[in-house]
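Trainee: Before I ask anything, here is the structure I am working with.
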Amino acid sequence: MTADRKFAFRMKLLAAAALALHVPARADEREDLSTPSSTVSVGAGAVSGDSRERSLFGQYNGLRRDDAFLMLDLDFVRRDDATGMWTTLEARNLGLDSRELRGMMNRQGDWKIFGEYWELTRWYPRTVNTSLQGSGTTAPIVTLLPTRGAGSDLDLKTERKRLNVGGEKFFGRNLLFEATFTNEDKDGARLFGRGFNCASGAAPPPVCTALASGANQWALLMRPEPINSTTRQYEAKLTFIGERGAVTAGYWGSFYDNGNGALTPTVNGNLNNGLGVPMGTGTGVALTAGLRNILQLAMALPPDNQAHQLSVAGSYAITPTTRATFKYAYTKATQKDDFTSNGLADAPAGVSNYGGRVDTTLAQVGLTARPLPRFSVNANLRYENREDKSPLALYNIEGTNRFTNGTYSLKKTAGKLEGSYLLPANVRATVGVDYEALDRGQFSSPECLELATDCIGDSIAGISALRAKTDETTYRAELRRSMSETVTGSIGVSHSDRDGSSWLKPNSLPATGSTEVSDAEVFNRTGIFPAMFMNRKRDKVKAMVDWSPMERMSLQFTLEDGTDKYSAPTEKGLQKTGMKLYGVDMSYVVSDAWRLSAYYSYGEQVVNVAHSTGYQMALKDKNSTAGVGIAGKVSPKLQVGADLLYINDRNVYDQSLDSLANAANVAFLAQSGGLPDVTFRDFRLKLFGKYALDKASTIRVDLVHDRQSLNEWTWTGFAYSDNTTVSLKPDQSVTFVSVAWQYRFR
Amino acid sequence: MKSTRHILRALAAVAGMLYFAGAGGAFAADAKKDLVLNGDAKCTRCHDEGDDYPVLAIGKTRHGVMADGRTPTCTSCHGESDHHVNKPENAVERPKPDVLFKGKNRSAPQAQNGQCLACHQTDAKRSHWEGSQHQSADVACTSCHQVHTAHDKVRDKATQPEVCFTCHKEQRTQVNKPSHHPIPEGKMACSDCHNPHGSVGPKLMKRDSVNDTCYTCHMEKRGPFVHTHEPVAEDCSNCHNPHGTTAENLLKARPPFLCHQCHTPHGGQVAQLAGQGQSTSLLSGTSSGKSGINYTMARGCLNCHTQVHGTNNPSTTNPTPQFNFR
């Protein structure tokens with residue numbers, strides 16, 4: 001740039017600045033700029049396609065069922081400047097199933113009351129084709145559909161309607177009382193079912209095979225779980241605010257009330273066998289009374305339960321540079337829903353309800369300090385003791401094998417110690433160690449001794465090995481540069497090691513309890529040990545860089561990589577999981593009127609599992625996500641914007657066999673060639689335009705075009721025993737358009 | 001070129017005259033009058049909405065309620081900034097205010113947060129800010145919050161996630177998968193489960209544990225049940241990824257592969273694919289049909305073990321509900 005041009009440029013800037021920028025706002029403008037305003041928006045919207053076409057798009061947004069909608073939103077804000085009184089009313093999506101309404105009155109710094117109504121309808125994206133009668137009730141009737149697809153279409157949904165009211169009041173400057181009450185009704189039905197295979201260890205002859213002459217009887221049925229429940233939550237808190245800190249004492253009560261006790265279906269006539277033809281065709285017999293009775297047994301629905309929590313929590317500044325945090329909470333949770341009135345029979349003698357009780361004690365204390373200007377330290381200790389005090393009884397008797405109910409207690413101790421030092425060049429170095437120990441008790445069923453009988457604790461049944469204690473230590477280090485003109489960033493690494501006590505081997509039935517054994521004694525080449533008990537080595541690295549190469553542009557780079565390696569006295573089970581994430585984000589201020597942003601990220605998640613029958617599964621989820629957004633002003637009256645989202649997600653099911661795989665597995669894999677990939681793609685374009693009719697009114701047009709593709713084989717080629725099928729339109733394309741008039745007022 | 005310079009000079013002179021004689025004159029008339037906050041004249045004599053640092057919109061917010069005695073003024077947050085207000089004669093450039101919240105000259109996170117915490121430290125929701133993950137990671141309040149605007153994006157659940165996704169990129173991808181909480185639809189926000197200002201729970205959970213947080217909406221899973229599934233009672237995230245998955249029901253992996261991480265029975269071949277389960281020698285009219293040691297179909301293990309969260313069926317007669325199937 002020549003000197004003349006530089007001069008001319010400076011002059012232009014000076015003139016523009018003087019003329020345009022430094023003219024102070026006048027009184028009316030000031031008021032407009034600094035006083036809350038309200039808006040109301042009224043319009044209409046329409047969405048393309050039918051219910052199946054928009055089953056993915058319309059899961060939650062209220063746009064699944066109907067084709068046209070009223071669009072009505074309100075944001076009313078009124079403030080009395082003299083008293084500091086706010087009155088607000090906010091309404092969103094009043095014309096949709098996802099409507100919300102919230103009102104509040106608040107004298108700031110003194111008191112507040114509010115009320116909120118909230119609705120959410122969740123449509124299950126898949127459509128069920130069935131002959132089932134009474135879906136959503138506790139007594140559905142199952143009848144074999146002559147051919148697949150010949151039944152009625154059933155779209156399952158759950159509706160939540162929530163009312164939330166509350167308030168707060170200051171008493172002086174040091175005492176604040178807050179209270180809320182939340183009531184939520186949930187209705188509808190969700191996919192559920194029952195299957196059974198005779199004979200079974202859980203139903204030995206003659207229960208299931210008496211009429212079948214030893215031939216297997218098998219059935220699998222879809223029965224929607226009926227939902228008709230209410231949850232209530234009460235919370236009250238009293239906070240004392242002092243010069244150096246605050247302490248809050250609180251009560252939180254939560255209550256679950258289920259209108260349904262049990263799901264008790266009726267099965268009419270015959271059902272299909274595993275080949276998809278009526279039982280007894282060719283071989284075997286028709287549905288036996290034994291299996292029919294099992295299929296008609298009552299299924300327990302979630303029981304009423306409640307919990308009460310008392311807590312005290314807060315923080316305190318010991319010195320200007322040392323602060324403590326703390327919390328103590330005691331929770332008593334109970335479940336005493338009556339069995340008989342819920343339609344559940346055959347409880348142990350003298351037991352009318354479970355009498356469940358779980359007491360949880362939580363204690364936490366933390367300390368942060370800056371003993372030196374450049375050095376800070378952070379320590380935290382947390383202890384949680386969940387004591388399951390539910391009474392023991394023999395809930396399962398299989399011949400000489402007797403099992404109790406399943407109580408589950410857990411003590412969790414977690415600690416953290418972290419030091420951070422500010423190095424030259426504004427680089428902060430942090431090192432820390434985290435520790436977590438879990439103690440699940442001994443799983444030895446001492447309670448069986450109380451019952452004066454040999455029995456097995458439910459938590460032991462069906463498991464090849466358990467572990468009472470596990471503990472994990474994590475070492476981590478991080479460097480962060482948080483203050484720089486153009487580049488900030490961080491890089492952190494961590495290594496965790498989880499180990500535990502000796503493995504417990506359940507004693508052979510009908511003996512009581514389990515025995516602590518060495519790894520060699522519990523070793524089972526094909527045994528699968530629960531992943532939460534296994535040894536684990538975890539390594540993670542995470543780096544993030546923010547770079548502003550110019551005033552108008554910023555870039556952000558992200559990298560994450562993590563690996564978990566599991567080990568136990570076996571060659572099977574969970575072996576390894578991992579994740580990777582790379583990403584870049586960009587934002588660019590094109591001009592005073594236009595802004596542009598974009599991002600791309602690629603992620604991978606892997607899970608390696610080896611199964612006892614000799615198959616090995618390498619699951620890999622590869623995901624690319626990209627987004628572009630632009631918004632700006634075409635003219636002082638016209639504002640436009642566009643957002644584009646693209647997702648490409650591929651789940652790879654890489655199945656292989658080891659040298660000891662059995663013949664059936666070899667044959668299956670040879671026949672299928674392995675499981676196909678599951679793919680999900682989403683291309684979503686959102687456009688909007690806003691035109692100012694005058695100072696207060698605008699017309700807004702929104703357009704959303706969404707193309708989703710989900711190729712997933714869970715239900716491919718599958719039919720239940722009554723020929724019920726479940727399907728999803730794999731490629732869906734939806735366009736939504738709305739036009740709304742918006743008016744702003746004060 | 002000279003003529004251009006003359007024109008520009010003239011324009012600048014006219015602009016200057018207009019500024020000082022017209023609009024500037026109006027300013028002079030109420031030179032020391034506060035516009036929005038008590039004592040803001042110190043700042044608003046230079047800064048208003050037309051400036052590079054628009055400030056008047058703070059009047060629309062809770063920080064702009066003068067009737068509330070706790071309401072701050074500009075210097076409560078930005079410091080007295082005497083050298084910024086009265087530029088020292090020897091200074092080449094006007095020094096910045098004592099505390100800056102954005103831009104390349106922004107103050108250190110601790111200095112920024114100190115200004116906010118001077119008032120907000122005692123809020124019950126922020127009692128555990130000190131020592132929290134965000135505090136330790138030097139996250140400044142203004143990394144998430146916008147103070148000088150009526151609409152703070154992070155306090156609106158429809159727009160909050162995009163603020164959180166500034167750092168939490170993996171979750172940005174996950175919430176858009178087919179099985180997700182209604183976050184992209186604006187019916188839920190990150191803060192429905194997390195308290196970004198610090199909590200006693202892991203991962204900044206809003207309640208004291210993962211399960212307690214989940215139970216606030218999924219209380220039917222709380223029990224305690226006659227027959228408990230231990231990993232469920234321990235931590236919902238053993239099986240679920242609450243941010244979103246391709247597998248149904250937010251499951252981390254599709255059954256049976258999820259279940260195989262702890263359990264042996266039933267294989268991983270999905271029998272209905274590629275003609276399996278049809279008239280092959282592997283299945284017969286009297287076999288167990290669609291679930292066996294080598295294969296499963298449809299929902300895998302969940303076809304029969306429907307109540308993996310626990311069942312309250314007390315029946316002691318066979319078949320008993322012990323393995324959570326009814």
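Residue numbering restarts at 1 in every chain; chains get A, B, ... in the order shown in the structure tokens, and ligands count up from 1 in that same order.
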Quick one: residues within 9 Å of Ile183 (chain B), only C-alpha atoms counted, chain neighbours fewer than 3 positions away excluded, as a list in words?

Mentor: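 That gives Lys157, Ala158, Pro161, Val175, Asn176, His180, Gly186, Lys187, Met188, Ala189, Cys190 and His243 of chain B.
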
Trainee: With only C-alpha atoms as the counted atoms, please give the residues lying no more than 6 Å from Tyr566 (chain A), apart from itself and same-chain residues fewer than 4 positions off, as a list in words.

Mentor: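 Skipping anything fewer than 4 positions along the chain leaves Asn535, Arg536, Gln575 and Lys576 of chain A.
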
Trainee: Between B:Val139, B:Ala57, B:Leu37, B:Leu258, which has the minimum distance to Thr75 (chain B) (counting only C-alpha atoms)?

Mentor: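 For Thr75 (chain B), the nearest of the given residues is B:Leu37.
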
Trainee: Which one is closest to Thr317 (chain B): A:Ala598, A:Leu263, A:Ala347, A:Ile630? Count only C-alpha atoms.

Mentor: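 The closest residue to Thr317 (chain B) is A:Ala347.
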
Trainee: Give me every alpha helix (DSSP H) residue in region 450-597 of chain A, going by DSSP on the backbone, as a list in words.

Mentor: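 Result set for region 450-597 of chain A (alpha helix (DSSP H)): Glu450, Asp519, Ala520, Glu521 and Val522 of chain A.
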
Trainee: Name all residues at most 12 Å from Asp694 (chain A) (count only C-alpha atoms; drop same-chain ones fewer than 3 positions away) and give them as a PyMOL selection string.

Mentor: chain A and resi 636-638+690-691+697-699+741-744

Trainee: Using N, CA and C atoms, can you write the selected residues to a file as a compact mmCIF listing (two decimals), in the first residue's frame?

Mentor:
# COMPACT_ATOMS: atom_id res chain seq x y z
N PRO A 636 -30.34 -4.36 5.13
CA PRO A 636 -30.73 -4.05 6.52
C PRO A 636 -32.02 -4.73 6.94
N LYS A 637 -32.85 -5.10 5.97
CA LYS A 637 -34.14 -5.70 6.33
C LYS A 637 -34.16 -7.21 6.20
N LEU A 638 -33.23 -7.76 5.49
CA LEU A 638 -33.29 -9.20 5.20
C LEU A 638 -32.09 -9.93 5.79
N LYS A 690 -35.37 -14.03 7.27
CA LYS A 690 -36.13 -13.16 8.17
C LYS A 690 -36.19 -11.78 7.54
N TYR A 691 -37.38 -11.32 7.29
CA TYR A 691 -37.52 -10.02 6.63
C TYR A 691 -38.26 -9.06 7.56
N SER A 697 -42.02 -5.72 13.36
CA SER A 697 -42.57 -6.95 12.77
C SER A 697 -41.60 -7.58 11.78
N THR A 698 -41.54 -8.87 11.81
CA THR A 698 -40.74 -9.60 10.83
C THR A 698 -41.53 -10.81 10.34
N ILE A 699 -41.18 -11.21 9.16
CA ILE A 699 -41.70 -12.47 8.63
C ILE A 699 -40.52 -13.44 8.59
N TRP A 741 -45.11 -15.01 11.47
CA TRP A 741 -45.04 -13.56 11.66
C TRP A 741 -44.61 -13.31 13.10
N GLN A 742 -43.57 -12.54 13.22
CA GLN A 742 -43.06 -12.25 14.56
C GLN A 742 -43.23 -10.77 14.87
N TYR A 743 -43.68 -10.54 16.07
CA TYR A 743 -43.90 -9.15 16.47
C TYR A 743 -43.17 -8.90 17.79
N ARG A 744 -42.40 -7.88 17.80
CA ARG A 744 -41.63 -7.54 19.01
C ARG A 744 -42.27 -6.32 19.67

Trainee: Taking 4 positions as the minimum chain separation for residues in the same chain, which residues sit within 8 Å of Cys141 (chain B) when counting only C-alpha atoms? Answer as a ChimeraX atom specification.

Mentor: /B:112-113,116,145

Trainee: Store the residues picked out above, limited to N, CA and C atoms, as a PDB file, in the first residue's frame.

Mentor:
ATOM      1  N   GLN B 112     -10.757 -13.505  35.464  1.00  0.00           N
ATOM      2  CA  GLN B 112     -12.128 -13.323  34.970  1.00  0.00           C
ATOM      3  C   GLN B 112     -13.131 -13.928  35.941  1.00  0.00           C
ATOM      4  N   ASN B 113     -12.874 -15.200  36.297  1.00  0.00           N
ATOM      5  CA  ASN B 113     -13.835 -15.903  37.136  1.00  0.00           C
ATOM      6  C   ASN B 113     -13.942 -15.286  38.522  1.00  0.00           C
ATOM      7  N   CYS B 116     -16.686 -12.852  38.633  1.00  0.00           N
ATOM      8  CA  CYS B 116     -18.040 -13.442  38.672  1.00  0.00           C
ATOM      9  C   CYS B 116     -18.309 -14.083  40.033  1.00  0.00           C
ATOM     10  N   HIS B 145     -20.794 -18.321  28.958  1.00  0.00           N
ATOM     11  CA  HIS B 145     -21.857 -17.333  29.143  1.00  0.00           C
ATOM     12  C   HIS B 145     -21.587 -16.056  28.365  1.00  0.00           C
TER      13      HIS B 145
END

Trainee: Which residues, written as a PDB file with N, CA and C atoms, in the first residue's frame, have at least one atom at most 10 Å from Arg299 (chain B), with only C-alpha atoms counted and residues fewer than 6 positions away on the same chain left out?

Mentor:
ATOM      1  N   PHE A 192     -41.578 -54.574  23.930  1.00  0.00           N
ATOM      2  CA  PHE A 192     -41.330 -55.457  25.047  1.00  0.00           C
ATOM      3  C   PHE A 192     -41.647 -56.860  24.548  1.00  0.00           C
ATOM      4  N   GLY A 193     -41.450 -57.847  25.345  1.00  0.00           N
ATOM      5  CA  GLY A 193     -41.799 -59.172  24.848  1.00  0.00           C
ATOM      6  C   GLY A 193     -41.541 -60.268  25.834  1.00  0.00           C
ATOM      7  N   THR A 714     -31.429 -55.683  12.569  1.00  0.00           N
ATOM      8  CA  THR A 714     -32.027 -56.300  13.762  1.00  0.00           C
ATOM      9  C   THR A 714     -33.330 -57.035  13.438  1.00  0.00           C
ATOM     10  N   TRP A 715     -34.155 -56.427  12.622  1.00  0.00           N
ATOM     11  CA  TRP A 715     -35.484 -57.010  12.367  1.00  0.00           C
ATOM     12  C   TRP A 715     -35.591 -57.602  10.969  1.00  0.00           C
TER      13      TRP A 715
ATOM     14  N   GLU B 248     -30.311 -49.551  19.315  1.00  0.00           N
ATOM     15  CA  GLU B 248     -31.518 -49.040  19.977  1.00  0.00           C
ATOM     16  C   GLU B 248     -31.299 -48.843  21.470  1.00  0.00           C
ATOM     17  N   ARG B 254     -24.926 -53.516  20.218  1.00  0.00           N
ATOM     18  CA  ARG B 254     -26.165 -54.245  19.985  1.00  0.00           C
ATOM     19  C   ARG B 254     -26.095 -55.593  20.686  1.00  0.00           C
ATOM     20  N   PRO B 255     -27.157 -55.992  21.410  1.00  0.00           N
ATOM     21  CA  PRO B 255     -27.183 -57.346  21.946  1.00  0.00           C
ATOM     22  C   PRO B 255     -27.163 -58.345  20.777  1.00  0.00           C
ATOM     23  N   PRO B 256     -26.512 -59.475  20.877  1.00  0.00           N
ATOM     24  CA  PRO B 256     -25.958 -60.056  22.094  1.00  0.00           C
ATOM     25  C   PRO B 256     -24.541 -59.586  22.432  1.00  0.00           C
ATOM     26  N   VAL B 270     -26.365 -63.982  13.986  1.00  0.00           N
ATOM     27  CA  VAL B 270     -27.748 -63.528  13.952  1.00  0.00           C
ATOM     28  C   VAL B 270     -28.456 -64.336  12.882  1.00  0.00           C
ATOM     29  N   HIS B 305     -34.956 -62.099  27.955  1.00  0.00           N
ATOM     30  CA  HIS B 305     -34.546 -61.425  29.202  1.00  0.00           C
ATOM     31  C   HIS B 305     -34.981 -59.971  29.106  1.00  0.00           C
ATOM     32  N   THR B 306     -36.290 -59.783  29.071  1.00  0.00           N
ATOM     33  CA  THR B 306     -36.812 -58.444  28.796  1.00  0.00           C
ATOM     34  C   THR B 306     -36.581 -57.478  29.946  1.00  0.00           C
TER      35      THR B 306
END

Trainee: Fewer than 2 positions away in the same chain doesn't count, so skip those; otherwise give me all residues within 12 Å of Gly350 (chain A), counting only C-alpha atoms, as a list in words.

Mentor: Phe339, Thr340, Asp346, Ala347, Pro348, Ser352, Asn353, Tyr354, Gly355, Ala393, Leu394 and Tyr395 of chain A; Pro314 of chain B

Trainee: Could you save those same residues with N, CA and C atoms as an mmCIF file, in the first residue's frame?

Mentor:
data_model
loop_
_atom_site.group_PDB
_atom_site.id
_atom_site.type_symbol
_atom_site.label_atom_id
_atom_site.label_comp_id
_atom_site.auth_asym_id
_atom_site.auth_seq_id
_atom_site.Cartn_x
_atom_site.Cartn_y
_atom_site.Cartn_z
ATOM 1 N N PHE A 339 -47.594 -57.373 46.302
ATOM 2 C CA PHE A 339 -47.541 -58.349 45.207
ATOM 3 C C PHE A 339 -48.946 -58.705 44.715
ATOM 4 N N THR A 340 -49.784 -59.108 45.617
ATOM 5 C CA THR A 340 -51.085 -59.666 45.230
ATOM 6 C C THR A 340 -51.938 -58.644 44.493
ATOM 7 N N ASP A 346 -47.738 -66.383 44.066
ATOM 8 C CA ASP A 346 -46.712 -67.378 44.399
ATOM 9 C C ASP A 346 -45.483 -66.794 45.080
ATOM 10 N N ALA A 347 -45.686 -65.741 45.845
ATOM 11 C CA ALA A 347 -44.574 -65.198 46.630
ATOM 12 C C ALA A 347 -44.232 -66.177 47.754
ATOM 13 N N PRO A 348 -43.048 -66.080 48.310
ATOM 14 C CA PRO A 348 -42.722 -66.945 49.441
ATOM 15 C C PRO A 348 -43.756 -66.784 50.558
ATOM 16 N N SER A 352 -45.726 -60.446 51.658
ATOM 17 C CA SER A 352 -46.757 -59.769 50.873
ATOM 18 C C SER A 352 -46.171 -58.690 49.971
ATOM 19 N N ASN A 353 -45.019 -58.188 50.323
ATOM 20 C CA ASN A 353 -44.324 -57.248 49.431
ATOM 21 C C ASN A 353 -42.826 -57.431 49.656
ATOM 22 N N TYR A 354 -42.059 -56.874 48.744
ATOM 23 C CA TYR A 354 -40.619 -57.124 48.812
ATOM 24 C C TYR A 354 -39.999 -56.532 50.071
ATOM 25 N N GLY A 355 -40.539 -55.437 50.528
ATOM 26 C CA GLY A 355 -39.951 -54.775 51.701
ATOM 27 C C GLY A 355 -38.570 -54.231 51.420
ATOM 28 N N ALA A 393 -35.335 -63.748 51.410
ATOM 29 C CA ALA A 393 -36.308 -64.850 51.410
ATOM 30 C C ALA A 393 -35.955 -65.767 50.253
ATOM 31 N N LEU A 394 -36.490 -66.954 50.267
ATOM 32 C CA LEU A 394 -36.228 -67.899 49.182
ATOM 33 C C LEU A 394 -37.245 -67.655 48.072
ATOM 34 N N TYR A 395 -36.814 -66.972 47.032
ATOM 35 C CA TYR A 395 -37.723 -66.587 45.952
ATOM 36 C C TYR A 395 -37.674 -67.571 44.784
ATOM 37 N N PRO B 314 -42.386 -62.081 42.374
ATOM 38 C CA PRO B 314 -41.923 -62.859 43.529
ATOM 39 C C PRO B 314 -42.091 -64.359 43.367
#

Trainee: Please run DSSP on the backbone and report, as a ChimeraX atom specification, all residues within region 552-610 of chain A that come out as strand (DSSP E).

Mentor: /A:553-567,573-589,594-610

Trainee: Using C-alpha atoms, can you export the residues from the last selection as a short mmCIF file (atom, residue, chain, number, x, y, z; two decimals), in the first residue's frame?

Mentor:
data_model
loop_
_atom_site.label_atom_id
_atom_site.label_comp_id
_atom_site.auth_asym_id
_atom_site.auth_seq_id
_atom_site.Cartn_x
_atom_site.Cartn_y
_atom_site.Cartn_z
CA MET A 553 -10.72 -16.32 11.81
CA SER A 554 -10.33 -18.96 14.44
CA LEU A 555 -9.48 -22.62 14.04
CA GLN A 556 -9.74 -25.38 16.57
CA PHE A 557 -8.07 -28.76 16.26
CA THR A 558 -9.02 -31.72 18.44
CA LEU A 559 -7.41 -35.09 18.91
CA GLU A 560 -8.42 -37.84 21.29
CA ASP A 561 -7.24 -41.39 21.53
CA GLY A 562 -8.01 -43.98 24.17
CA THR A 563 -7.57 -47.70 24.72
CA ASP A 564 -8.89 -50.06 27.38
CA LYS A 565 -7.31 -53.50 27.68
CA TYR A 566 -9.11 -56.07 29.82
CA SER A 567 -7.74 -59.22 31.38
CA GLY A 573 -14.95 -62.20 27.17
CA LEU A 574 -14.28 -58.52 26.71
CA GLN A 575 -10.73 -58.00 25.52
CA LYS A 576 -10.26 -54.48 24.29
CA THR A 577 -12.10 -51.27 23.60
CA GLY A 578 -10.80 -48.12 22.02
CA MET A 579 -11.73 -44.74 20.65
CA LYS A 580 -10.26 -42.12 18.38
CA LEU A 581 -11.47 -38.67 17.52
CA TYR A 582 -9.96 -36.11 15.18
CA GLY A 583 -11.64 -32.86 14.43
CA VAL A 584 -11.26 -29.36 13.10
CA ASP A 585 -13.61 -26.42 13.61
CA MET A 586 -13.41 -23.12 11.84
CA SER A 587 -15.25 -19.85 12.26
CA TYR A 588 -14.76 -16.87 10.03
CA VAL A 589 -16.23 -13.41 10.20
CA TRP A 594 -21.75 -12.26 7.43
CA ARG A 595 -20.40 -15.12 9.50
CA LEU A 596 -19.31 -18.55 8.42
CA SER A 597 -18.54 -21.63 10.46
CA ALA A 598 -17.64 -25.19 9.56
CA TYR A 599 -16.44 -28.34 11.22
CA TYR A 600 -15.43 -31.88 10.47
CA SER A 601 -14.77 -34.72 12.86
CA TYR A 602 -13.89 -38.35 12.43
CA GLY A 603 -14.35 -40.84 15.24
CA GLU A 604 -13.81 -44.53 15.76
CA GLN A 605 -14.93 -46.81 18.55
CA VAL A 606 -13.87 -50.44 18.73
CA VAL A 607 -14.93 -53.32 20.96
CA ASN A 608 -13.29 -56.74 20.79
CA VAL A 609 -15.24 -59.57 22.38
CA ALA A 610 -14.46 -63.29 22.28
#

Trainee: Which distance in Å separates CA of Val247 (chain A) and CA of Ser311 (chain A), to one decimal?

Mentor: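 Between CA of Val247 (chain A) and CA of Ser311 (chain A) the gap works out to 10.4 Å.
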
Trainee: So what do you get for CA of Arg102 (chain A) versus CA of Thr87 (chain A), distance-wise?

Mentor: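 A separation of 10.9 Å between them.
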
Trainee: Quick one, how far is CA of Asn651 (chain A) from CA of His181 (chain B)?

Mentor: 20.1 Å

Trainee: Which one is closest to Asp138 (chain B): B:Gln110, B:Cys236, B:Asp156, B:Thr246? Count only C-alpha atoms.

Mentor: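 Using only C-alpha atoms, Asp138 (chain B) sits closest to B:Gln110.
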
Trainee: For Arg106 (chain B), which residue among A:Leu297, A:Val517, A:Glu485, A:Trp111 is the nearest when counting only C-alpha atoms?

Mentor: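 Ranked by minimum distance to Arg106 (chain B), first place goes to A:Glu485.
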
Trainee: Using only C-alpha atoms, can you tell me which of A:Ala626, A:Leu63, A:Ala313, A:Leu660 comes closest to Thr248 (chain A)?

Mentor: A:Ala313

Trainee: Nearest residue to chain A out of B:Ser81, B:Gln261, B:Gln307, B:Thr216, using only C-alpha atoms?

Mentor: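 Counting only C-alpha atoms, the residue closest to chain A is B:Gln261.
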